[in-house]
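Participant: One structure, pasted below without further comment.
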Amino acid sequence: MPCTLKYYCIKMKYIRLLRTGVMVPGIALIAVFLFLRLSPYPTLKIFLEREHSIRFYDHKGALLQITAVEDGIRREYAPLEEIPKQLQDIIIYAEDRRFYTHLGVDLFAAVRAAMQNISGGKTVSGASTITMQLARIIDGGQNRTLSGKIAEGFNAVRLSTRFSKKRILEMYINSVPFGGKSEGFVSAARSIFSKDIAHLSPAEMLLLSVIPRRPSLYNPLANPDAGVQAAYTLAGIKPLAKKHIEIASINKDDLKFAAGSAVRFNYPFAMPHYIRYITNRLRAGGSKKIPNTITLSANLRLQELTENLIYANVERYYSSRLTNGAAILIDNSTGEILCWVGSADFYNNENSGQIDGVLALNQPGSSMKPFLYAMALESGFLPTDIFADIPKNYGETELYIPQNFNNRFNGPVLFRTALSSSLNIPAVDLLYRIGIKNYAEKLYALNFDSIKQSIDDAGLGLALGNAPVSLLELVRAFSVFPNDGRLIDLRETPVSSDTKNSAGVNAPQIYESDTARIISSMLSDKSSRVLAFGLETNFNMPFPSMFKTGTANQYQSIVALAATPLYTAGVWMGNFSGETVIGKTGSSIPAYIVREMLMAVQGRQSVPFNKPDGWELKPVCALSGMEPSPYCDALVNEWRRRFAGTQNAGTQSAGRQSADPENTDVTEKCTWHTAGKTTYPAEYQAWFFSTNRQGELDYGSAPLEILSPRDGFLFYNNSGIGLSEIPVEVIGGSGDELTVSYDNETWKVPRPFVFFLPQRPGNHTLLIRCGEEETRVSFRVE
């Protein structure tokens, strides 16, 4: 073989050997790296997913609360860029000087510590790096044995293959335990020095950095001298002092002064129900990155005022079993929540203080009526319509007879008065005409999702608020009226100034703007409330405002809603135990509180409600709602369309119901008042004869109808149950005499057609005739 060829072959052989020698270890190293990086580490997953404390501030930056995590521990989190660089260096020199040069385990420190411990015959020095300490925290153990140290070292290397040095330092700084229910330097700075970590002095940083070594010994709150000595030793580390001149100049007196200034932080606990609601919602949303800091739109001053008002009034009426209250106030233009009080006292376990009254379901009573009356305006009813507030019954085998709050009947009342004075019978009659299903769909559109649980059992009582809803749902829905019929989304955080005016632009339109404006006009009219509330001063405000109240469950639930064009608020009072409130404390208590809330937030601003575009106020007869005749002795201003229609709307409960609300309005002159007398429609018969009234009845103004008993009704003849006779009331008919046929007996009855039937077991049919008209009902007596 030629020399050159032999040389070439030998060269190639060595090159192949060299490559093999490099590649095999390289592949091995990559395999080890992948194993360390990808091998299962279940405790790390748990560590990375654990909760951190959230800092909550109000809209002006006042600290509301720093939430606790498990076992009441405060564990605030801050990214590394928010940790002062000086503190980072102090931590590294205190715990792990070669942190940036090793792979999680410092072999030099380990050898040094082993030699020192062997020569000393005991543990003199440790070799735990920051990464090893983090591994111990992740595993949740305090295993100081040799096997524990080996496991820490192994896990430290695994962490080094998975995270950058900066990320490891960040995790350590935010999780190292300090004792006293504080974890991480951010919480420790607050707990021990009552300071944000960014505001620590160099001396305070030194004192803080030695605590993790022995929390019970070096905490300046418990043992300032030991802490000062350890911090002074740390300050003497030359590379650290050289890097930071401020540390080099620190002496023991500086450290003693810093230790003496340590003061345990009193963690605020404002808005507990609201913040619990927000944190629960964040967790339920599955958010992987829950914010460390949240600035709320809440107003702490308003919150404290409302809490004091509720607490004081609960104390005042406690003997009446009024043991709790809740309140919420929102900004109409943005939906920002400014105040949320869940109970009178969060810590009062006896009265279930931790239940959130803003979210709890309670019967709202008459506070629901505006939504029904607004729907009526969009179903053909007019503001000039008259409702018959007279005894009425509904149903068949299960009879429902609504009563007013004062057990009185007011006869003919205007739409406005029926709503503002919160009369029950007109509301039930409205729902009966509109339909429960139709009204329920409107409530769903208003986001009353809670009524889906009880809608099947509500019946006509839905008009009177017998379906439980939350105060949160109620206040948001009530805000549609000052918001021109739009249902705005509620917000927990502030809206920026440049988007504030457009915050509700895309909100769904639940009612037409004119409908909402008419309802606002009616509920802000003081005179229309007099029938029910008299001259109640709690409804008097120095600026335009609207109110609606409601009571339910024998005053166990009392609600007051109020709104201005700028804000909407609601207050609930009662108890969570379901007990009847003793004595009729009434809605004046929550009305007073909601009034004070609006006064506090709105100040002296006076903003008028918007007026409906397609309507104008014109005088109508106060009794009939018709266009006044020369004989009408009382007139009121009511909303009428700007363009008069060409057809009469037809009678509706002694008033008018528009068949086409886009093109009709009242054009008929009042027929109730004529020269020298007042004539009422036939349906007012029972009310008219219930006392000595002036005027007369127009018996022929209604078709022949049996008002009671109802067709299909069931009477009970058991001893002590029911009446011995069955009352009958008939209205209408063209004649003045009624022919009655009942159980093979026939007789005549003069007007008014009110009489009684004998109550005998069995099935019965009542047949009546008046002139050319005839009608009948069947019922059963058991």
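Residue numbering restarts at 1 in every chain; chains get A, B, ... in the order shown in the structure tokens, and ligands count up from 1 in that same order.
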Can you pull out every residue within 12 Å of Lys256 (chain A), counting only C-alpha atoms, but drop anything in the same chain fewer than 6 positions away, and send it as an mmCIF file with N, CA, C and O atoms, in the first residue's frame?
Facilitator:
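What ended up in part29.cif:
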```cif
data_model
loop_
_atom_site.group_PDB
_atom_site.id
_atom_site.type_symbol
_atom_site.label_atom_id
_atom_site.label_comp_id
_atom_site.auth_asym_id
_atom_site.auth_seq_id
_atom_site.Cartn_x
_atom_site.Cartn_y
_atom_site.Cartn_z
ATOM 1 N N ALA A 203 -32.070 48.910 54.707
ATOM 2 C CA ALA A 203 -31.993 48.236 56.010
ATOM 3 C C ALA A 203 -33.151 47.258 56.175
ATOM 4 O O ALA A 203 -32.974 46.143 56.693
ATOM 5 N N GLU A 204 -34.335 47.660 55.759
ATOM 6 C CA GLU A 204 -35.497 46.769 55.863
ATOM 7 C C GLU A 204 -35.352 45.561 54.940
ATOM 8 O O GLU A 204 -35.764 44.447 55.286
ATOM 9 N N LEU A 206 -32.520 44.106 54.173
ATOM 10 C CA LEU A 206 -31.588 43.213 54.847
ATOM 11 C C LEU A 206 -32.286 42.423 55.953
ATOM 12 O O LEU A 206 -32.097 41.204 56.079
ATOM 13 N N LEU A 207 -33.075 43.106 56.754
ATOM 14 C CA LEU A 207 -33.796 42.435 57.843
ATOM 15 C C LEU A 207 -34.766 41.385 57.289
ATOM 16 O O LEU A 207 -34.906 40.295 57.858
ATOM 17 N N PRO A 220 -38.195 40.660 63.094
ATOM 18 C CA PRO A 220 -38.008 41.830 63.971
ATOM 19 C C PRO A 220 -39.217 42.126 64.848
ATOM 20 O O PRO A 220 -39.074 42.829 65.858
ATOM 21 N N LEU A 221 -40.379 41.631 64.496
ATOM 22 C CA LEU A 221 -41.550 41.843 65.343
ATOM 23 C C LEU A 221 -41.465 41.024 66.619
ATOM 24 O O LEU A 221 -42.010 41.419 67.661
ATOM 25 N N ASN A 223 -38.284 39.188 67.602
ATOM 26 C CA ASN A 223 -36.928 39.154 68.177
ATOM 27 C C ASN A 223 -36.022 40.111 67.403
ATOM 28 O O ASN A 223 -35.194 39.681 66.594
ATOM 29 N N PRO A 224 -36.176 41.393 67.622
ATOM 30 C CA PRO A 224 -35.438 42.371 66.807
ATOM 31 C C PRO A 224 -33.918 42.256 66.928
ATOM 32 O O PRO A 224 -33.210 42.445 65.942
ATOM 33 N N ASP A 225 -33.383 41.946 68.102
ATOM 34 C CA ASP A 225 -31.926 41.906 68.287
ATOM 35 C C ASP A 225 -31.287 40.826 67.419
ATOM 36 O O ASP A 225 -30.255 41.061 66.768
ATOM 37 N N ALA A 226 -31.876 39.640 67.410
ATOM 38 C CA ALA A 226 -31.331 38.546 66.602
ATOM 39 C C ALA A 226 -31.416 38.890 65.124
ATOM 40 O O ALA A 226 -30.494 38.604 64.345
ATOM 41 N N GLY A 227 -32.514 39.503 64.735
ATOM 42 C CA GLY A 227 -32.679 39.895 63.343
ATOM 43 C C GLY A 227 -31.656 40.933 62.924
ATOM 44 O O GLY A 227 -31.096 40.880 61.818
ATOM 45 N N VAL A 228 -31.400 41.886 63.800
ATOM 46 C CA VAL A 228 -30.426 42.942 63.509
ATOM 47 C C VAL A 228 -29.030 42.349 63.333
ATOM 48 O O VAL A 228 -28.284 42.709 62.411
ATOM 49 N N GLN A 229 -28.646 41.429 64.217
ATOM 50 C CA GLN A 229 -27.314 40.834 64.141
ATOM 51 C C GLN A 229 -27.130 40.050 62.842
ATOM 52 O O GLN A 229 -26.099 40.162 62.160
ATOM 53 N N ALA A 230 -28.153 39.272 62.468
ATOM 54 C CA ALA A 230 -28.055 38.498 61.233
ATOM 55 C C ALA A 230 -27.998 39.413 60.020
ATOM 56 O O ALA A 230 -27.237 39.169 59.070
ATOM 57 N N ALA A 231 -28.771 40.474 60.041
ATOM 58 C CA ALA A 231 -28.789 41.416 58.927
ATOM 59 C C ALA A 231 -27.471 42.161 58.826
ATOM 60 O O ALA A 231 -26.977 42.467 57.723
ATOM 61 N N TYR A 232 -26.874 42.473 59.969
ATOM 62 C CA TYR A 232 -25.590 43.184 59.977
ATOM 63 C C TYR A 232 -24.485 42.314 59.367
ATOM 64 O O TYR A 232 -23.622 42.797 58.622
ATOM 65 N N ILE A 250 -24.556 51.058 55.826
ATOM 66 C CA ILE A 250 -25.508 50.712 56.887
ATOM 67 C C ILE A 250 -24.759 50.188 58.111
ATOM 68 O O ILE A 250 -23.867 49.335 58.002
ATOM 69 N N ALA A 262 -40.703 48.308 62.482
ATOM 70 C CA ALA A 262 -41.560 47.217 62.002
ATOM 71 C C ALA A 262 -42.886 47.247 62.750
ATOM 72 O O ALA A 262 -42.920 47.380 63.974
#
```
Participant: Go through region 443-655 of chain A and collect every residue that DSSP, computed from the backbone, puts in strand (DSSP E); the answer should be as an MDAnalysis selection string.
Facilitator: chainID A and resid 469:470 546:552 557:563 567:574 615:621 635:641 651:652 655
Participant: For the selection just defined, write its residues with C-alpha atoms to a file, as a PDB file, in the first residue's frame.
Facilitator:
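This is the output file result.pdb:
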```pdb
ATOM      1  CA  VAL A 469     -85.115  37.091  42.407  1.00  0.00           C
ATOM      2  CA  SER A 470     -81.794  38.544  43.517  1.00  0.00           C
ATOM      3  CA  MET A 546     -87.691  57.681  40.679  1.00  0.00           C
ATOM      4  CA  PHE A 547     -88.660  55.146  43.329  1.00  0.00           C
ATOM      5  CA  LYS A 548     -90.350  51.757  43.556  1.00  0.00           C
ATOM      6  CA  THR A 549     -90.744  49.684  46.675  1.00  0.00           C
ATOM      7  CA  GLY A 550     -92.007  46.232  47.452  1.00  0.00           C
ATOM      8  CA  THR A 551     -92.796  44.005  50.395  1.00  0.00           C
ATOM      9  CA  ALA A 552     -93.384  40.266  50.468  1.00  0.00           C
ATOM     10  CA  SER A 557     -88.576  40.852  52.518  1.00  0.00           C
ATOM     11  CA  ILE A 558     -88.635  44.629  52.029  1.00  0.00           C
ATOM     12  CA  VAL A 559     -87.167  46.214  48.907  1.00  0.00           C
ATOM     13  CA  ALA A 560     -86.624  49.787  47.756  1.00  0.00           C
ATOM     14  CA  LEU A 561     -85.354  50.687  44.297  1.00  0.00           C
ATOM     15  CA  ALA A 562     -84.364  54.191  43.252  1.00  0.00           C
ATOM     16  CA  ALA A 563     -82.755  55.750  40.224  1.00  0.00           C
ATOM     17  CA  TYR A 567     -77.305  56.043  39.052  1.00  0.00           C
ATOM     18  CA  THR A 568     -79.528  53.141  40.075  1.00  0.00           C
ATOM     19  CA  ALA A 569     -79.585  51.659  43.574  1.00  0.00           C
ATOM     20  CA  GLY A 570     -81.463  49.013  45.486  1.00  0.00           C
ATOM     21  CA  VAL A 571     -81.765  48.038  49.142  1.00  0.00           C
ATOM     22  CA  TRP A 572     -83.179  44.832  50.592  1.00  0.00           C
ATOM     23  CA  MET A 573     -83.992  44.414  54.277  1.00  0.00           C
ATOM     24  CA  GLY A 574     -85.463  41.562  56.264  1.00  0.00           C
ATOM     25  CA  TRP A 615     -95.599  62.062  23.407  1.00  0.00           C
ATOM     26  CA  GLU A 616     -96.649  65.273  25.122  1.00  0.00           C
ATOM     27  CA  LEU A 617     -98.342  66.072  28.398  1.00  0.00           C
ATOM     28  CA  LYS A 618    -101.957  67.140  27.945  1.00  0.00           C
ATOM     29  CA  PRO A 619    -104.865  67.495  30.369  1.00  0.00           C
ATOM     30  CA  VAL A 620    -107.256  64.554  30.716  1.00  0.00           C
ATOM     31  CA  CYS A 621    -110.152  63.837  33.045  1.00  0.00           C
ATOM     32  CA  LEU A 635    -108.017  67.372  35.408  1.00  0.00           C
ATOM     33  CA  VAL A 636    -104.501  65.929  35.357  1.00  0.00           C
ATOM     34  CA  ASN A 637    -101.707  66.069  32.816  1.00  0.00           C
ATOM     35  CA  GLU A 638    -100.897  62.779  31.142  1.00  0.00           C
ATOM     36  CA  TRP A 639     -98.795  61.598  28.241  1.00  0.00           C
ATOM     37  CA  ARG A 640    -100.615  61.526  24.912  1.00  0.00           C
ATOM     38  CA  ARG A 641     -99.199  60.947  21.475  1.00  0.00           C
ATOM     39  CA  THR A 651    -113.106  50.487  26.256  1.00  0.00           C
ATOM     40  CA  GLN A 652    -110.599  48.730  28.461  1.00  0.00           C
ATOM     41  CA  GLY A 655    -110.775  53.250  30.074  1.00  0.00           C
TER      42      GLY A 655
END
```
Participant: What parts of region 248-485 of chain A does DSSP call helix (DSSP H, G or I)? I'd like the answer as a PyMOL selection string.
Facilitator: chain A and resi 248+252-260+272-284+300-316+318-320+365-377+415-420+424-434+436-445+449-453+455-464+471-478
Participant: For a quick check of understanding, using only C-alpha atoms, which of A:Glu473, A:Asp514, A:Asp698, A:Glu737 has the smallest distance to Leu487 (chain A)?
Facilitator: A:Glu473
Participant: Near Pro370 (chain A), counting only C-alpha atoms, which residues have an atom at most 10 Å away, once you skip same-chain residues fewer than 5 positions from it, shown as a ChimeraX atom specification?
Facilitator: /A:375-376,419-420,422,427,463,478,481,516,519-520,522-523,548
Participant: So, with only C-alpha atoms as the atoms that count, which of A:Glu51, A:Glu378, A:Asp196, A:Asp106 lies closest to Val69 (chain A)?
Facilitator: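 Going through A:Glu51, A:Glu378, A:Asp196, A:Asp106 one by one, the smallest distance to Val69 (chain A) is for A:Glu51.
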Participant: So that I can check the surroundings of Phe193 (chain A), please list as a PyMOL selection string every protein, DNA and RNA residue that reaches within 9 Å of it, counting only C-alpha atoms and ignoring chain neighbours fewer than 2 positions away.
Facilitator: chain A and resi 188-191+195-196+200+204+258-259+261-265
Participant: As an exercise, work out the distance from CA of Asp389 (chain A) to CA of Ala467 (chain A) in Å and give it to one decimal place.
Facilitator: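 Computed distance, CA of Asp389 (chain A) to CA of Ala467 (chain A), equals 23.0 Å.
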Participant: Of the residues A:Arg301, A:Ser734, A:Phe756, A:Asn610, which is the one nearest to Glu774 (chain A), using only C-alpha atoms?
Facilitator: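 Selected residue with least distance to Glu774 (chain A): A:Ser734.
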Participant: To one decimal place, how far is CA of Pro383 (chain A) from CA of Ile425 (chain A) in Å?
Facilitator: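 It comes out at 17.2 Å.
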Participant: Could you check the closest approach to Trp747 (chain A) for each of A:Ala156, A:Ile278, A:Ala591, A:Leu766 and tell me which residue wins, using only C-alpha atoms?
Facilitator: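 The closest residue to Trp747 (chain A) is A:Leu766.
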Participant: Could you give me, as JSON, numbers by chain, the residues within 12 Å of Ala68 (chain A), counting only C-alpha atoms and dropping anything in the same chain fewer than 2 positions from it?
Facilitator: {"A": [51, 52, 53, 54, 55, 56, 65, 66, 70, 71, 72, 73, 74, 75, 76, 181, 182, 183, 187, 267, 268, 269, 272, 275, 276, 279]}
Participant: Save out the residues we just selected, N, CA, C and O atoms, as a compact mmCIF listing (two decimals), in the first residue's frame.
Facilitator:
```txt
# COMPACT_ATOMS: atom_id res chain seq x y z
N GLU A 51 -53.21 28.89 44.28
CA GLU A 51 -53.73 30.26 44.29
C GLU A 51 -52.73 31.24 44.91
O GLU A 51 -51.92 30.87 45.75
N HIS A 52 -52.85 32.47 44.47
CA HIS A 52 -52.10 33.57 45.07
C HIS A 52 -53.09 34.61 45.57
O HIS A 52 -54.22 34.70 45.07
N SER A 53 -52.68 35.36 46.52
CA SER A 53 -53.54 36.43 47.04
C SER A 53 -53.77 37.48 45.95
O SER A 53 -52.90 37.73 45.11
N ILE A 54 -54.95 38.08 45.97
CA ILE A 54 -55.28 39.14 45.02
C ILE A 54 -55.42 40.45 45.79
O ILE A 54 -56.10 40.51 46.81
N ARG A 55 -54.78 41.47 45.28
CA ARG A 55 -54.91 42.80 45.89
C ARG A 55 -56.07 43.54 45.21
O ARG A 55 -56.07 43.71 43.98
N PHE A 56 -57.04 43.97 45.99
CA PHE A 56 -58.19 44.70 45.47
C PHE A 56 -58.12 46.15 45.93
O PHE A 56 -57.93 46.43 47.12
N GLN A 65 -58.85 45.01 50.09
CA GLN A 65 -58.64 43.68 50.65
C GLN A 65 -57.49 42.99 49.91
O GLN A 65 -57.27 43.23 48.72
N ILE A 66 -56.75 42.18 50.65
CA ILE A 66 -55.79 41.25 50.05
C ILE A 66 -56.27 39.87 50.44
O ILE A 66 -56.26 39.52 51.63
N GLU A 70 -55.19 29.28 51.23
CA GLU A 70 -55.48 28.21 52.19
C GLU A 70 -54.93 28.54 53.58
O GLU A 70 -53.86 29.13 53.72
N ASP A 71 -55.74 28.19 54.58
CA ASP A 71 -55.35 28.38 55.99
C ASP A 71 -55.11 29.84 56.36
O ASP A 71 -54.36 30.14 57.30
N GLY A 72 -55.72 30.75 55.62
CA GLY A 72 -55.60 32.17 55.95
C GLY A 72 -54.26 32.78 55.60
O GLY A 72 -53.93 33.88 56.06
N ILE A 73 -53.46 32.10 54.78
CA ILE A 73 -52.13 32.60 54.41
C ILE A 73 -52.25 33.70 53.36
O ILE A 73 -53.05 33.61 52.43
N ARG A 74 -51.43 34.75 53.51
CA ARG A 74 -51.31 35.77 52.47
C ARG A 74 -50.13 35.41 51.59
O ARG A 74 -49.00 35.26 52.07
N ARG A 75 -50.40 35.28 50.30
CA ARG A 75 -49.35 34.90 49.35
C ARG A 75 -49.49 35.78 48.11
O ARG A 75 -50.04 35.40 47.09
N GLU A 76 -48.99 37.00 48.23
CA GLU A 76 -49.04 37.93 47.10
C GLU A 76 -47.97 37.56 46.08
O GLU A 76 -46.93 36.99 46.43
N LYS A 181 -48.24 33.26 58.81
CA LYS A 181 -49.20 33.21 57.70
C LYS A 181 -48.84 34.15 56.56
O LYS A 181 -49.69 34.76 55.92
N SER A 182 -47.53 34.29 56.32
CA SER A 182 -47.05 35.07 55.18
C SER A 182 -46.11 34.21 54.35
O SER A 182 -45.22 33.55 54.89
N GLU A 183 -46.30 34.25 53.04
CA GLU A 183 -45.42 33.54 52.13
C GLU A 183 -45.00 34.51 51.03
O GLU A 183 -45.82 35.24 50.48
N SER A 187 -45.65 39.64 50.46
CA SER A 187 -46.54 39.59 51.62
C SER A 187 -45.78 39.85 52.92
O SER A 187 -46.31 40.48 53.85
N TYR A 267 -54.62 43.91 57.98
CA TYR A 267 -55.18 43.69 56.65
C TYR A 267 -56.64 44.16 56.60
O TYR A 267 -57.46 43.71 57.40
N PRO A 268 -56.97 45.05 55.66
CA PRO A 268 -58.37 45.50 55.55
C PRO A 268 -59.25 44.37 55.01
O PRO A 268 -58.78 43.47 54.31
N PHE A 269 -60.52 44.45 55.34
CA PHE A 269 -61.47 43.42 54.90
C PHE A 269 -62.74 44.09 54.40
O PHE A 269 -63.85 43.80 54.83
N PRO A 272 -66.50 42.41 51.75
CA PRO A 272 -66.21 40.96 51.77
C PRO A 272 -67.09 40.13 50.85
O PRO A 272 -66.61 39.22 50.18
N ILE A 275 -66.11 40.97 47.02
CA ILE A 275 -64.83 40.41 46.62
C ILE A 275 -64.88 38.89 46.58
O ILE A 275 -64.27 38.25 45.71
N ARG A 276 -65.62 38.30 47.49
CA ARG A 276 -65.81 36.84 47.42
C ARG A 276 -66.54 36.45 46.14
O ARG A 276 -66.20 35.45 45.49
N THR A 279 -63.93 36.75 43.23
CA THR A 279 -62.92 35.69 43.24
C THR A 279 -63.54 34.34 42.88
O THR A 279 -62.93 33.56 42.14
```
Participant: Would you kindly return, as a VMD selection string, each protein, DNA or RNA residue with an atom no farther than 9 Å from any atom of Pro750 (chain A), considering only C-alpha atoms and excluding same-chain residues fewer than 3 positions away?
Facilitator: chain A and resid 736 to 738 753 to 754
